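Asks: Have a look at the structure that comes next, please.
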Amino acid sequence: MSEPRSPAAVLGGTPLRRRVLVRGVVQGVGFRPYVYTLATGLDLRGHVTNTPEGVVAEVEGAPEAVARFCDGIAVHAPPLARVESVDHHEVPATGDTAFSILASRTDGPARTLIPPDTATCAACLRELADPDDRRHRHPFVNCTHCGPRFTIVTGLPYDRAHTTMAGFPMCPDCAREYADPADRRFHAQPVACPACGPRLRLLVPRPADPGPPRPVTPDDPVAEARRLLAAGAVLAVKGLGGYHLACDATNPDAVALLRSRKARGDKPFAVMARGLDDLGHLVRIGAEERDLLTGATRPIVLLRRIGAARTPHAPWPAASVAPGSPDLGVMLPYTPLHHLLLGLPGDADGPRLLVMTSGNLSGEPIVTDDEEALRRLAHLADAWLTHDRPIHVPCDDSVLRVCDGEPLMVRRARGYAPLPLTLPVPVRPALAVGGDLKNALCLGEGHHAWLSAHIGDMDDLATQRAFERAVAQLESITPVRPELLAADRHPGYRSARWADRNATGRTVVRVQHHHAHVAAAMAEAGLDGSRPVLGVAFDGTGYGDDGAVWGGEFLLADYDGFVRFGHLAYVPLPGGDAAVRRPYRMALAHLRAAGIDWSDDLACTSACPSDERGVLARQLERDLNCVPTSSMGRLFDAVSSLAGVCHRSGYEAQAAVELEAAALTAPAGDSTAYGFGLRSAEPERPVLPGEGGPWTDTASLPAGPAPASADRGAVLTGSAPASADRGTVLADPPPVPLRPTSAPAGPTPVLADPAPVFAAIVGDLRAGVAPGLVAARFHRGVAALVHRLCALARQRHGVDTVALTGGVFANSLLSSACAAALRADGFTVLRHHLVPPGDGGLALGQLVVAARAEERPPATD
């Protein structure tokens, strides 16, 4: 906001001076040089400097020129800048005779924003490839428009002294560029060249020597590294935010070696290609995907495979790169070193596709320290391509996909962290610690929330230490000093225990897992919470208020609380994590709950060893170590095994990923959708299907979106074979009063019973229906269920906004089908774009819910 100019300044034409404060991403992006150029072009005098608050300028000159400066400063800002506010007011004129850039100030609270790391710009790439340029083949070429930022910042304001480049004094040529307002590297803090910048080294183990790897000194370490990759070696390559493990993606033996060493199971690897020309024969690349791949952030983008015949002379990844996945994770080079590793024009041939995966064992945080890399990656890598510029902040590659033409964030890290999110409601200073899987934490105050980069799974001690470092680092670059801690309600979560241990003098608020998911979707969409939404929260595991494992939830929610409008009917989760790793156990549990025999002709039955089958039967019969679950993720696992697609999961959601892949192979033209039964839950305890209930006769509706005139209380049914048991359905369940509360006691929810789905699938399988068609019919059935229950909630409560959230909605086939049906019926649909739908976005929802928790009225019966 601006103060009015004094009448004397306007009428008298005397020089006017104004102090201008610009907040946002305005440091490390060439903003001071931009201000210098703007001011001198308007013949203004004064100065500009960095401060912890932002960029501060004082400009003095003709009133009209000062006004043009203040009005235009945000309009033509540098490409990497993000101006959040411009405040200015009049100050006394000083009679300055020139405009200058002053040394940064370090006093005051930190309120500016650090930019993320950015891919090498076109101008720097031209220098990299130009034999006549002094930065030819320099692996660290950068300027004010590109290069490392977040991962090298050690403090504020953003100056070279507060980065890991502080130990590299500039040579005279770089110093001259740094001080020249007309140069592209004017005040570019990571500026470097071969004479003064960081140095590459290639390290290899000593033959028959247990000592540390020794440096080799070829004329070109990158060329030697490329030769090793072409020969089938696995290399540890130091990047912006940590080490990658790299190998030739077209070499099956190299990929198998890396997969075995990393204990990766069948989890897909991402690949890096030199350019789009090496990808077009492999995957579908639309305009949105192209923009992501070639833009400044350059994340890993999940692209649908084409499945075409091999193209001569085109690179083709080994089958073991991403087995069973419908997508291929792809990225383009984003550092000079990557471009050199894949080869510049005229370089000797090397791999055209590289596996680029995080430098760690599965489940551990990415390695950033050089000595740690030599130790922790010793059994994984054959050589190390490293350098001496320290990494201060670990940062994995971000992962996105495009769903219905819009970005869907899967993992938020490089290129996006630490950009803040704008909150639609103010929050107290608070720290939300997220969950235990795909952990990311969130700091917030007022209308800003800072989400950390992806940290990892908290069951590893190294990840817990990385979590603590991430807390300290975020606090060092934000003004937030948390008065409140927010955590999940799960009693065993390590993140929640950390909050309890560090709660001295601060309040800890526990937030229900799926309520946090819904709140994250609301906050990202800019909703102020004045009206409830229906949150469809589908994931694998979330601690429920009744002690069950939730995960197939329909919540009427705002920021202050929620009502459980509906959920998947409970089935036993036999053996906890054992059922997650072996989906056939979930399939057998669902079959038993549906009253279907474990016949030997069913794939899930034959996949279960006979001795385990006997133990499992007794376990289910006696309810031993069988927590009830309403998880949609586990339902996908069960159907995947029943259909014969995946019986064992080597990584999270493998069975669901492969079920989605199978669904994409189904022939066009089929519109059948398996139908769920709807009934009312017993309020006293979780009700397991098959235990009975107040059932009435069936009222059938066609699968898919219900006509507007249809009876809102009728159930979805599928068009399964006539011989299949369709199940029965409850008459319209009693209305649920909308009373915001997160207390366990509450109105009776509507249950979606999957028993008819399993009966229909078994009938289809015995009729010879292919697994891909079964998978497609199941996806359509889940989408139809979502539409049906949302329509029922709208009829009873007038809610017309639906949030699709939770890790299951990383499935683009399901997300697209649900959104299409809902929008066709007039719903407003919220989906994630800025934060992941899974647990990587959980902390944002925890923050908004917890920061308002003390204002929430106590729940009453």
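Within each chain, counting starts at residue 1; across the structure tokens, chains are named A, B, ... in the order shown, with ligands numbered 1 upward in that order.
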Report the residues of segment 264-370 of chain A whose backbone DSSP state falls under alpha helix (DSSP H), written as a list in words.
Replies: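 Everything in segment 264-370 of chain A that counts as alpha helix (DSSP H) is Ala287, Glu288, Glu289, Arg290, Asp291, Leu292, Leu293, Thr294, Pro336, Leu337, His338, His339, Leu340, Leu341, Leu342 and Asp370 of chain A.
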Asks: Find the spatial neighbours of Ala231 of chain A, counting only C-alpha atoms, within a cut-off of 9 Å - ignore same-chain residues fewer than 5 positions away - and output them as a VMD selection string.
Replies: chain A and resid 226 248 254
Asks: Any idea what's packed within 10 Å of Val509 of chain A, counting only C-alpha atoms, ignoring anything in its chain fewer than 5 positions away? Could you give it as a PyMOL selection string?
Replies: chain A and resi 432+484-489+496+499-500+846-847+849-851+853-854
Asks: Of the candidates A:Cys146, A:Leu588, A:Val75, A:Met632, which shows the shortest atom-to-atom distance to Gln619 of chain A, using only C-alpha atoms?
Replies: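 Ranking A:Cys146, A:Leu588, A:Val75, A:Met632 by distance to Gln619 of chain A, first place goes to A:Leu588.
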Asks: Assign secondary structure with DSSP using the backbone only, and return the residues of segment 591-649 of chain A in strand (DSSP E or B) as a ChimeraX atom specification.
Replies: /A:626-629
Asks: Would you mind listing what lies within 9 Å of Pro15 of chain A as an NGL selection string, with only C-alpha atoms counted and same-chain residues fewer than 5 positions away left out?
Replies: :A and (9 or 60-63 or 93 or 95)
Asks: From the list A:Lys438, A:His162, A:His281, A:His647, which residue is nearest Arg585 of chain A when using only C-alpha atoms?
Replies: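 The closest residue to Arg585 of chain A is A:His647.
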Asks: So which residues touch Val580 of chain A within 8 Å, counting only C-alpha atoms, skipping near sequence neighbours fewer than 5 positions away, as an NGL selection string?
Replies: :A and (586 or 634 or 637 or 649)
Asks: Atoms to include: C-alpha atoms. Write the selected residues as an mmCIF file, in the first residue's frame.
Replies:
```cif
data_model
loop_
_atom_site.group_PDB
_atom_site.id
_atom_site.type_symbol
_atom_site.label_atom_id
_atom_site.label_comp_id
_atom_site.auth_asym_id
_atom_site.auth_seq_id
_atom_site.Cartn_x
_atom_site.Cartn_y
_atom_site.Cartn_z
ATOM 1 C CA MET A 586 -6.384 -58.642 1.667
ATOM 2 C CA ARG A 634 -6.165 -51.991 0.583
ATOM 3 C CA ASP A 637 -4.620 -54.282 -3.380
ATOM 4 C CA SER A 649 4.085 -55.534 -3.163
#
```
Asks: If I take atom CA of Gly529 of chain A and atom CA of Ala453 of chain A, how far is one from the other in Å, to one decimal?
Replies: 26.5 Å
Asks: Considering only C-alpha atoms, can you say which of A:Thr106, A:Val271, A:Ala236, A:Arg259 comes closest to Ala381 of chain A?
Replies: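 Under the stated criterion, the closest residue is A:Ala236.
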Asks: Which of these residues is nearest to Gly763 of chain A, using only C-alpha atoms: A:Tyr584, A:Tyr674, A:Gly24, A:Gly535?
Replies: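 Among the listed residues, the smallest separation from Gly763 of chain A belongs to A:Tyr674.
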Asks: Show me, as JSON lines, the residues of segment 327-360 of chain A having an atom within 10 Å of segment 284-293 of chain A, each with the closest atom pair and its distance in Å, using only C-alpha atoms.
Replies:
```
{"residue": "A:Asp327", "atom": "CA", "partner": "A:Arg284", "partner_atom": "CA", "distance": 9.6}
{"residue": "A:Leu328", "atom": "CA", "partner": "A:Arg284", "partner_atom": "CA", "distance": 9.9}
{"residue": "A:Val330", "atom": "CA", "partner": "A:Leu293", "partner_atom": "CA", "distance": 8.1}
{"residue": "A:Met331", "atom": "CA", "partner": "A:Leu293", "partner_atom": "CA", "distance": 6.1}
{"residue": "A:Leu332", "atom": "CA", "partner": "A:Leu293", "partner_atom": "CA", "distance": 6.2}
{"residue": "A:Pro333", "atom": "CA", "partner": "A:Leu293", "partner_atom": "CA", "distance": 9.3}
{"residue": "A:Tyr334", "atom": "CA", "partner": "A:Leu293", "partner_atom": "CA", "distance": 9.7}
```
Asks: Between A:Cys174, A:Thr151, A:Thr294, A:Pro169, which is the closest to Ala122 of chain A once you count only C-alpha atoms?
Replies: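 Closest to Ala122 of chain A, using only C-alpha atoms: A:Thr294.
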Asks: Fewer than 3 positions away in the same chain doesn't count, so skip those; otherwise give me all residues within 10 Å of Arg184 of chain A, counting only C-alpha atoms, as an MDAnalysis selection string.
Replies: chainID A and resid 30 33 123:124 142:145 177:178 180:181 187:188
Asks: Set the distance at 9 Å and use only C-alpha atoms: which residues neighbour Cys70 of chain A once local chain neighbours fewer than 2 positions away are removed? I'd like the list as an MDAnalysis selection string.
Replies: chainID A and resid 18 20 65:68 72:74 86:88
Asks: Please compute the atom CA of Pro365 of chain A-atom CA of Asn439 of chain A distance, one decimal, in Å.
Replies: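 Computing it gives 10.7 Å between the two atoms.
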